[in-house]
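Data file: start-v3.cif. Format and content: mmCIF, C-alpha atoms and all ligand atoms.
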```
data_protein
loop_
_atom_site.label_atom_id
_atom_site.label_comp_id
_atom_site.auth_asym_id
_atom_site.auth_seq_id
_atom_site.Cartn_x
_atom_site.Cartn_y
_atom_site.Cartn_z
CA MET K 1 -18.13 -60.91 -77.44
CA SER K 2 -21.42 -61.54 -75.79
CA PHE K 3 -23.91 -64.38 -75.47
CA PRO K 4 -24.05 -66.98 -76.96
CA VAL K 5 -20.29 -66.88 -77.58
CA THR K 6 -19.60 -65.77 -74.02
CA ARG K 7 -21.00 -68.10 -71.39
CA MET K 8 -19.82 -67.29 -67.86
CA ARG K 9 -21.21 -70.58 -66.58
CA ARG K 10 -18.62 -72.62 -68.52
CA MET K 11 -16.03 -72.18 -65.81
CA ARG K 12 -18.50 -72.86 -62.98
CA ARG K 13 -19.60 -76.29 -64.08
CA THR K 14 -17.49 -78.41 -61.77
CA GLU K 15 -15.64 -77.88 -58.51
CA ALA K 16 -12.41 -78.62 -60.37
CA PHE K 17 -13.09 -75.69 -62.72
CA ARG K 18 -14.30 -73.43 -59.92
CA SER K 19 -11.27 -73.98 -57.75
CA PHE K 20 -8.98 -73.66 -60.80
CA VAL K 21 -10.13 -70.07 -61.44
CA ARG K 22 -10.73 -69.03 -57.82
CA GLU K 23 -9.42 -65.51 -57.21
CA THR K 24 -9.29 -65.51 -53.43
CA ARG K 25 -7.86 -68.52 -51.63
CA LEU K 26 -8.79 -68.78 -48.00
CA THR K 27 -5.91 -70.04 -45.87
CA PRO K 28 -5.15 -69.70 -42.16
CA GLU K 29 -1.77 -68.10 -42.89
CA GLY K 30 -3.14 -64.59 -42.29
CA PHE K 31 -5.21 -65.44 -39.20
CA ILE K 32 -4.71 -64.00 -35.73
CA TYR K 33 -6.64 -65.73 -32.93
CA PRO K 34 -7.67 -63.53 -29.97
CA LEU K 35 -7.04 -64.84 -26.44
CA PHE K 36 -8.51 -63.36 -23.23
CA VAL K 37 -6.16 -64.04 -20.35
CA CYS K 38 -7.36 -63.91 -16.74
CA PRO K 39 -5.77 -64.53 -13.31
CA GLY K 40 -5.83 -67.93 -11.64
CA GLU K 41 -5.05 -71.47 -12.69
CA GLY K 42 -6.98 -74.06 -14.62
CA ILE K 43 -9.60 -71.49 -15.55
CA ARG K 44 -11.59 -71.84 -18.74
CA LYS K 45 -14.71 -69.72 -18.49
CA GLU K 46 -16.91 -69.41 -21.56
CA VAL K 47 -18.04 -65.90 -22.56
CA ARG K 48 -21.83 -65.98 -22.49
CA SER K 49 -22.34 -63.92 -25.64
CA MET K 50 -19.48 -65.60 -27.54
CA PRO K 51 -19.97 -69.36 -27.45
CA GLY K 52 -16.67 -71.16 -27.98
CA VAL K 53 -14.62 -68.20 -26.69
CA PHE K 54 -13.15 -68.37 -23.19
CA ASN K 55 -11.46 -66.37 -20.47
CA LEU K 56 -8.31 -68.41 -19.91
CA SER K 57 -5.80 -68.48 -17.09
CA ILE K 58 -2.19 -68.41 -18.29
CA ASP K 59 -1.72 -72.21 -18.14
CA GLU K 60 -4.87 -72.69 -20.24
CA ALA K 61 -3.86 -69.90 -22.63
CA VAL K 62 -0.59 -71.76 -23.23
CA LYS K 63 -2.54 -74.92 -24.12
CA GLU K 64 -4.76 -72.92 -26.43
CA ALA K 65 -1.73 -71.26 -28.05
CA ARG K 66 -0.20 -74.69 -28.66
CA GLU K 67 -3.39 -75.86 -30.40
CA VAL K 68 -3.54 -72.66 -32.45
CA LYS K 69 0.00 -73.22 -33.70
CA SER K 70 -0.66 -76.88 -34.50
CA LEU K 71 -3.57 -75.80 -36.72
CA GLY K 72 -1.27 -73.66 -38.86
CA ILE K 73 -2.45 -70.33 -37.43
CA PRO K 74 0.62 -68.11 -37.15
CA ALA K 75 -0.44 -65.66 -34.45
CA VAL K 76 -2.47 -64.90 -31.34
CA ILE K 77 -3.41 -61.49 -29.94
CA LEU K 78 -3.60 -61.12 -26.17
CA PHE K 79 -6.17 -59.21 -24.14
CA GLY K 80 -5.84 -59.09 -20.38
CA LEU K 81 -8.30 -59.21 -17.51
CA PRO K 82 -6.29 -57.85 -14.61
CA GLU K 83 -6.67 -58.69 -10.92
CA LYS K 84 -7.34 -55.04 -10.10
CA LYS K 85 -8.33 -51.94 -12.04
CA ASP K 86 -7.44 -48.36 -11.15
CA GLU K 87 -7.36 -44.83 -12.58
CA VAL K 88 -3.87 -45.09 -14.10
CA ALA K 89 -4.16 -48.56 -15.71
CA THR K 90 -1.32 -50.05 -13.65
CA GLY K 91 -2.20 -53.54 -14.88
CA ALA K 92 -1.49 -52.51 -18.46
CA TRP K 93 2.15 -51.53 -17.99
CA ALA K 94 3.30 -53.49 -14.94
CA ASP K 95 6.04 -55.98 -15.82
CA GLU K 96 4.12 -58.55 -13.78
CA GLY K 97 0.85 -57.64 -15.53
CA ILE K 98 -1.37 -60.44 -16.80
CA VAL K 99 -0.48 -59.91 -20.48
CA GLN K 100 3.25 -59.62 -19.76
CA ARG K 101 3.21 -62.89 -17.79
CA ALA K 102 1.12 -64.63 -20.45
CA THR K 103 3.50 -63.42 -23.16
CA ARG K 104 6.53 -64.82 -21.35
CA ALA K 105 4.77 -68.16 -20.84
CA ILE K 106 3.57 -68.48 -24.44
CA LYS K 107 6.91 -67.40 -25.92
CA ARG K 108 8.65 -69.98 -23.72
CA GLU K 109 6.21 -72.88 -24.27
CA VAL K 110 5.14 -72.30 -27.87
CA PRO K 111 8.19 -71.11 -29.78
CA GLY K 112 7.55 -69.84 -33.27
CA LEU K 113 4.03 -68.58 -32.56
CA ILE K 114 3.73 -64.83 -33.16
CA VAL K 115 2.34 -63.05 -30.11
CA VAL K 116 0.59 -59.74 -30.75
CA GLY K 117 -0.10 -57.38 -27.86
CA ASP K 118 -3.23 -55.28 -27.85
CA VAL K 119 -2.13 -52.00 -26.28
CA CYS K 120 -5.01 -50.17 -24.65
CA LEU K 121 -6.00 -49.06 -21.19
CA CYS K 122 -9.74 -49.73 -21.01
CA GLU K 123 -9.37 -53.24 -19.57
CA TYR K 124 -7.18 -51.84 -16.77
CA MET K 125 -9.04 -48.63 -15.94
CA SER K 126 -11.71 -48.64 -13.22
CA HIS K 127 -13.88 -46.43 -15.47
CA GLY K 128 -13.39 -48.59 -18.58
CA HIS K 129 -12.25 -45.81 -20.92
CA CYS K 130 -9.23 -46.14 -23.20
CA GLY K 131 -7.45 -43.10 -21.76
CA ILE K 132 -7.08 -40.92 -18.69
CA VAL K 133 -10.37 -39.37 -17.62
CA ARG K 134 -10.51 -35.81 -16.31
CA PRO K 135 -13.65 -34.11 -15.08
CA VAL K 136 -14.28 -30.96 -17.08
CA SER K 137 -16.22 -29.21 -14.35
CA THR K 138 -17.62 -30.22 -10.97
CA PRO K 139 -21.25 -31.28 -11.14
CA GLN K 140 -23.54 -29.13 -9.00
CA SER K 141 -23.79 -30.51 -5.50
CA SER K 142 -27.48 -29.59 -5.22
CA SER K 143 -28.53 -31.89 -8.09
CA THR K 144 -29.68 -35.36 -7.12
CA GLY K 145 -30.91 -38.62 -8.65
CA ALA K 146 -30.92 -39.25 -12.37
CA GLY K 147 -30.19 -35.60 -13.14
CA ALA K 148 -26.96 -35.74 -11.17
CA ALA K 149 -25.86 -38.91 -12.97
CA ALA K 150 -26.54 -37.30 -16.34
CA ALA K 151 -24.59 -34.18 -15.33
CA VAL K 152 -21.58 -36.28 -14.30
CA ALA K 153 -21.82 -38.39 -17.42
CA THR K 154 -21.39 -35.46 -19.77
CA GLU K 155 -18.80 -33.51 -17.83
CA TYR K 156 -15.57 -35.36 -18.38
CA GLU K 157 -13.01 -35.72 -21.09
CA ILE K 158 -10.59 -38.41 -22.20
CA VAL K 159 -7.25 -36.64 -22.04
CA ASN K 160 -5.14 -37.32 -25.10
CA ASP K 161 -1.56 -36.29 -24.44
CA SER K 162 -1.02 -37.65 -20.95
CA THR K 163 -2.56 -40.94 -22.06
CA LEU K 164 0.25 -41.29 -24.62
CA ASP K 165 2.86 -41.74 -21.88
CA ILE K 166 0.96 -44.66 -20.37
CA LEU K 167 0.43 -46.26 -23.77
CA ALA K 168 4.14 -45.95 -24.58
CA LYS K 169 5.04 -47.42 -21.19
CA THR K 170 2.63 -50.31 -21.83
CA ALA K 171 4.15 -51.01 -25.25
CA VAL K 172 7.71 -51.08 -23.88
CA SER K 173 6.68 -53.34 -21.03
CA GLN K 174 5.04 -55.77 -23.48
CA ALA K 175 8.09 -55.71 -25.74
CA ARG K 176 10.30 -56.42 -22.73
CA ALA K 177 8.12 -59.47 -22.00
CA GLY K 178 8.84 -60.76 -25.52
CA MET K 179 5.85 -59.45 -27.45
CA ASP K 180 6.44 -59.84 -31.21
CA ILE K 181 4.06 -57.14 -32.46
CA ILE K 182 2.62 -54.11 -30.65
CA ALA K 183 -0.97 -53.29 -31.62
CA PRO K 184 -2.37 -50.08 -30.12
CA SER K 185 -6.17 -49.93 -30.18
CA ASP K 186 -6.92 -46.82 -28.12
CA MET K 187 -7.39 -44.27 -30.95
CA MET K 188 -5.60 -41.41 -29.16
CA ASP K 189 -3.92 -38.93 -31.52
CA GLY K 190 -0.16 -39.29 -31.80
CA ARG K 191 0.10 -42.67 -30.12
CA ILE K 192 1.93 -44.40 -32.95
CA ALA K 193 4.75 -41.86 -32.87
CA ALA K 194 4.87 -41.97 -29.07
CA ILE K 195 5.02 -45.78 -29.05
CA ARG K 196 7.57 -45.99 -31.88
CA THR K 197 9.85 -43.50 -30.14
CA ALA K 198 9.56 -45.28 -26.79
CA LEU K 199 10.22 -48.70 -28.34
CA ASP K 200 13.28 -47.40 -30.19
CA GLU K 201 14.65 -45.67 -27.10
CA ALA K 202 14.27 -48.90 -25.14
CA GLY K 203 16.16 -50.79 -27.86
CA PHE K 204 13.19 -52.52 -29.50
CA ILE K 205 13.95 -51.17 -32.95
CA ASN K 206 12.80 -54.42 -34.58
CA THR K 207 9.41 -54.67 -32.88
CA PRO K 208 6.73 -53.79 -35.46
CA VAL K 209 3.62 -51.74 -34.74
CA LEU K 210 0.24 -52.84 -36.06
CA SER K 211 -2.02 -49.85 -35.62
CA TYR K 212 -5.76 -50.12 -35.10
CA ALA K 213 -5.82 -47.11 -37.43
CA ALA K 214 -9.44 -47.04 -38.57
CA LYS K 215 -11.35 -48.19 -35.52
CA PHE K 216 -14.99 -47.25 -35.60
CA ALA K 217 -17.26 -46.58 -32.61
CA SER K 218 -19.30 -49.68 -33.35
CA GLY K 219 -22.25 -51.49 -31.85
CA PHE K 220 -20.63 -54.72 -33.04
CA TYR K 221 -18.20 -54.62 -30.07
CA GLY K 222 -20.88 -55.52 -27.52
CA PRO K 223 -19.92 -59.14 -26.74
CA PHE K 224 -16.18 -58.27 -26.51
CA ARG K 225 -16.84 -55.93 -23.61
CA GLU K 226 -18.22 -58.86 -21.69
CA ALA K 227 -15.24 -61.02 -22.71
CA ALA K 228 -12.67 -58.38 -21.71
CA ASP K 229 -14.78 -56.78 -18.97
CA SER K 230 -14.04 -53.40 -20.54
CA ALA K 231 -17.38 -51.62 -20.95
CA PRO K 232 -17.13 -47.89 -20.07
CA GLN K 233 -18.81 -47.16 -16.73
CA PHE K 234 -20.19 -43.89 -18.13
CA GLY K 235 -20.48 -42.25 -21.52
CA ASP K 236 -19.22 -43.94 -24.67
CA ARG K 237 -16.14 -43.99 -26.93
CA ARG K 238 -17.35 -41.64 -29.64
CA SER K 239 -14.91 -38.89 -28.71
CA TYR K 240 -11.97 -41.06 -29.73
CA GLN K 241 -13.21 -43.91 -31.95
CA MET K 242 -14.43 -43.03 -35.44
CA ASP K 243 -17.90 -42.15 -36.64
CA PRO K 244 -19.19 -45.16 -38.65
CA ALA K 245 -20.34 -42.74 -41.35
CA ASN K 246 -16.83 -41.54 -42.22
CA PHE K 247 -14.88 -43.18 -45.02
CA ARG K 248 -12.46 -40.40 -46.02
CA GLU K 249 -11.57 -39.78 -42.41
CA ALA K 250 -10.64 -43.47 -42.10
CA LEU K 251 -8.13 -43.12 -44.92
CA ARG K 252 -6.72 -40.03 -43.26
CA GLU K 253 -6.33 -41.91 -39.95
CA ILE K 254 -4.43 -44.64 -41.78
CA GLU K 255 -2.22 -42.14 -43.59
CA ILE K 256 -1.34 -40.36 -40.35
CA ASP K 257 -0.50 -43.60 -38.55
CA LEU K 258 1.77 -44.66 -41.41
CA GLU K 259 3.51 -41.29 -41.29
CA GLU K 260 3.99 -41.80 -37.55
CA GLY K 261 5.69 -45.12 -38.22
CA ALA K 262 3.06 -47.87 -38.21
CA ASP K 263 4.25 -50.99 -40.05
CA MET K 264 0.75 -52.39 -40.57
CA VAL K 265 -2.72 -50.91 -40.19
CA MET K 266 -6.06 -52.33 -39.19
CA VAL K 267 -9.67 -51.67 -40.05
CA LYS K 268 -12.17 -52.62 -37.34
CA PRO K 269 -14.88 -53.99 -37.56
CA ALA K 270 -14.57 -55.91 -40.83
CA ILE K 271 -17.79 -56.90 -42.60
CA ALA K 272 -19.59 -53.57 -42.18
CA TYR K 273 -16.44 -51.73 -43.37
CA LEU K 274 -15.30 -53.69 -46.42
CA ASP K 275 -15.29 -50.47 -48.44
CA VAL K 276 -12.66 -49.04 -46.11
CA ILE K 277 -10.54 -52.20 -46.37
CA TYR K 278 -10.80 -52.12 -50.15
CA ALA K 279 -9.87 -48.45 -50.40
CA ALA K 280 -6.97 -48.86 -47.97
CA ARG K 281 -5.70 -51.76 -50.09
CA GLN K 282 -5.79 -49.59 -53.24
CA ARG K 283 -4.10 -46.65 -51.63
CA PHE K 284 -1.46 -47.93 -49.18
CA GLU K 285 1.36 -50.39 -49.83
CA VAL K 286 1.38 -51.95 -46.38
CA PRO K 287 -0.20 -55.07 -44.91
CA ILE K 288 -3.85 -54.37 -44.05
CA ALA K 289 -5.42 -56.20 -41.14
CA ALA K 290 -9.14 -56.47 -40.49
CA TYR K 291 -10.79 -57.42 -37.21
CA GLN K 292 -13.88 -59.58 -37.54
CA VAL K 293 -15.22 -58.45 -34.19
CA SER K 294 -17.21 -60.12 -31.44
CA GLY K 295 -20.60 -58.96 -32.72
CA GLU K 296 -19.90 -60.32 -36.19
CA TYR K 297 -18.97 -63.65 -34.61
CA ALA K 298 -21.93 -63.65 -32.21
CA MET K 299 -24.46 -62.93 -34.97
CA ILE K 300 -23.27 -65.87 -37.04
CA GLU K 301 -23.16 -68.17 -33.99
CA ALA K 302 -26.62 -67.12 -32.83
CA ALA K 303 -28.26 -67.51 -36.23
CA ALA K 304 -26.58 -70.89 -36.69
CA ARG K 305 -27.79 -72.05 -33.26
CA ASN K 306 -31.31 -71.15 -34.33
CA GLY K 307 -30.89 -73.22 -37.47
CA TRP K 308 -31.30 -70.10 -39.61
CA ILE K 309 -27.96 -70.29 -41.44
CA ASP K 310 -25.29 -72.86 -42.21
CA ARG K 311 -22.58 -71.83 -39.73
CA ASP K 312 -19.52 -73.23 -41.48
CA ARG K 313 -20.55 -71.93 -44.85
CA VAL K 314 -21.26 -68.41 -43.57
CA MET K 315 -18.06 -68.44 -41.50
CA LEU K 316 -15.91 -69.26 -44.54
CA GLU K 317 -17.84 -66.87 -46.78
CA SER K 318 -17.39 -64.00 -44.33
CA LEU K 319 -13.65 -64.65 -44.06
CA THR K 320 -13.29 -64.98 -47.84
CA SER K 321 -15.05 -61.65 -48.35
CA ILE K 322 -12.67 -59.91 -45.94
CA TYR K 323 -9.66 -61.27 -47.86
CA ARG K 324 -11.35 -60.42 -51.17
CA ALA K 325 -11.79 -56.81 -50.06
CA GLY K 326 -8.02 -56.64 -49.61
CA ALA K 327 -7.08 -57.70 -46.09
CA THR K 328 -3.78 -59.54 -45.68
CA ILE K 329 -4.41 -60.38 -42.04
CA ILE K 330 -7.69 -61.28 -40.31
CA LEU K 331 -8.23 -61.23 -36.56
CA THR K 332 -11.07 -63.68 -36.04
CA TYR K 333 -12.66 -65.81 -33.33
CA PHE K 334 -13.31 -68.34 -36.10
CA ALA K 335 -9.57 -68.87 -36.71
CA LYS K 336 -9.40 -72.34 -35.16
CA ASP K 337 -12.63 -73.67 -36.64
CA ALA K 338 -11.87 -72.23 -40.07
CA ALA K 339 -8.36 -73.67 -40.00
CA LYS K 340 -9.78 -77.09 -39.12
CA LEU K 341 -12.20 -76.96 -42.06
CA LEU K 342 -9.53 -75.68 -44.45
CA GLY K 343 -6.98 -78.20 -43.23
ZN ZN E 1 -9.65 -49.59 -25.20
#
```
Please go through the file and, once you have read it, give me the structure as structure tokens.
Amino acid sequence: MSFPVTRMRRMRRTEAFRSFVRETRLTPEGFIYPLFVCPGEGIRKEVRSMPGVFNLSIDEAVKEAREVKSLGIPAVILFGLPEKKDEVATGAWADEGIVQRATRAIKREVPGLIVVGDVCLCEYMSHGHCGIVRPVSTPQSSSTGAGAAAAVATEYEIVNDSTLDILAKTAVSQARAGMDIIAPSDMMDGRIAAIRTALDEAGFINTPVLSYAAKFASGFYGPFREAADSAPQFGDRRSYQMDPANFREALREIEIDLEEGADMVMVKPAIAYLDVIYAARQRFEVPIAAYQVSGEYAMIEAAARNGWIDRDRVMLESLTSIYRAGATIILTYFAKDAAKLLG
């Protein structure tokens, strides 16, 4: 049947009709709210490029976590800004590390809230890379100035296999602190198997792993690096994060992580990669998470501050589209504001 028998506008005439036939219902039940935890007390420092997002000391993070739970958001994910950084990411796996201490405090003060631990090393490494850095060859001592810097910048590698041990150690230490879900974001090969084995050996057989499986080397991460103070001091992350051009490779990454034992997988960023989310949803029978990253948040905030878009409307539309593509879980800096509007 076609027009005039078929009239698509019939079911759009009133909000009652529209909501009656709505296919995707936006609720906060799949939200994860990111928290950036820093040393000190009573600290609440706004991230310049992410208005409304703060570096929080543990006491403030607990308050924030309490508010998150009261808004019906089930989970937070923790990122840590350690006191000190070094070449072996001590702050990531120390039992008294910032994330471990924050986890214990939140689990104690806000029971029932799911705490997810981002497992990576970049925030704890002096060089800001997600793995161990090894020089490939010594730069020539005769070179000076900009040439020398360029030579150093290209002559290093991020070592895969020895990084796995540190990641596994970090995951176990977080689980010991009470972390509910372990979420590795480093993109080293074999890390899911290494982490699963280490968790099981330490007795954490019931701690699930949410893998950042398809994490693209994206320009949309810019503001996060300020928030987590994790920008690489040299080079970039293209030797371990994925090429934004590659869709089939993303599915392969997801498949491999599931074979290694991931319980859930993530696509990151979200809006620029909805095709990957959709395809993952069609192909894999596991919960799919999507990370609406700092740059996605910052663009909406900035345009809204200029009066160029309606912030709340674009916020809800962006979240709806991520669910519509097939995500079950959304990590988003909008979690609290969206939950307030939806509530
Ligand atoms: Zn990292």
Handout entry: d(CA of Ala61 (chain K), CA of Ala304 (chain K)) in Å
Key =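 CA of Ala304 (chain K) lies at a distance of 26.7 Å from CA of Ala61 (chain K).
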Practice task
Name the closest residue to Gly72 (chain K) among the candidates K:Ile32, K:Ala94, K:Leu199, K:Val88; distances are taken between atoms, counting only C-alpha atoms.
Solution key: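 Using only C-alpha atoms, Gly72 (chain K) sits closest to K:Ile32.
Nearest to Met266 (chain K) of all the residues K:Ala214, K:Ala302, K:Leu56, K:Ala193 is K:Ala214, based on all atoms listed in the file.
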Exercise for the section: Would you be able to write out as a PyMOL selection string which residues have an atom within 12 Å of (-9.0, -77.4, -44.4) in the file's coordinates, counting only C-alpha atoms? Expected result: chain K and resi 25-29+71-73+312+316+335-343
Exercise for the section: Name the residues, by chain letter and number, that sit within 9 Å of ligand ZN 1 (chain E) using all atoms listed in the file, and give them as a PyMOL selection string. Expected result: chain K and resi 118-123+128-131+184-187+230+237
Dump of C-alpha atoms for the selected residues, as a compact mmCIF listing (two decimals), in the frame of the given file:
```txt
# COMPACT_ATOMS: atom_id res chain seq x y z
CA ASP K 118 -3.23 -55.28 -27.85
CA VAL K 119 -2.13 -52.00 -26.28
CA CYS K 120 -5.01 -50.17 -24.65
CA LEU K 121 -6.00 -49.06 -21.19
CA CYS K 122 -9.74 -49.73 -21.01
CA GLU K 123 -9.37 -53.24 -19.57
CA GLY K 128 -13.39 -48.59 -18.58
CA HIS K 129 -12.25 -45.81 -20.92
CA CYS K 130 -9.23 -46.14 -23.20
CA GLY K 131 -7.45 -43.10 -21.76
CA PRO K 184 -2.37 -50.08 -30.12
CA SER K 185 -6.17 -49.93 -30.18
CA ASP K 186 -6.92 -46.82 -28.12
CA MET K 187 -7.39 -44.27 -30.95
CA SER K 230 -14.04 -53.40 -20.54
CA ARG K 237 -16.14 -43.99 -26.93
```
Fill in the blank from the handout: re CA of Thr24 (chain K) and CA of Ser318 (chain K): distance 12.3 Å
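When all atoms listed in the file are used to compute distances to Ile192 (chain K), the closest of the residues K:Val136, K:Ala102, K:Met242, K:Ala262 turns out to be K:Ala262.
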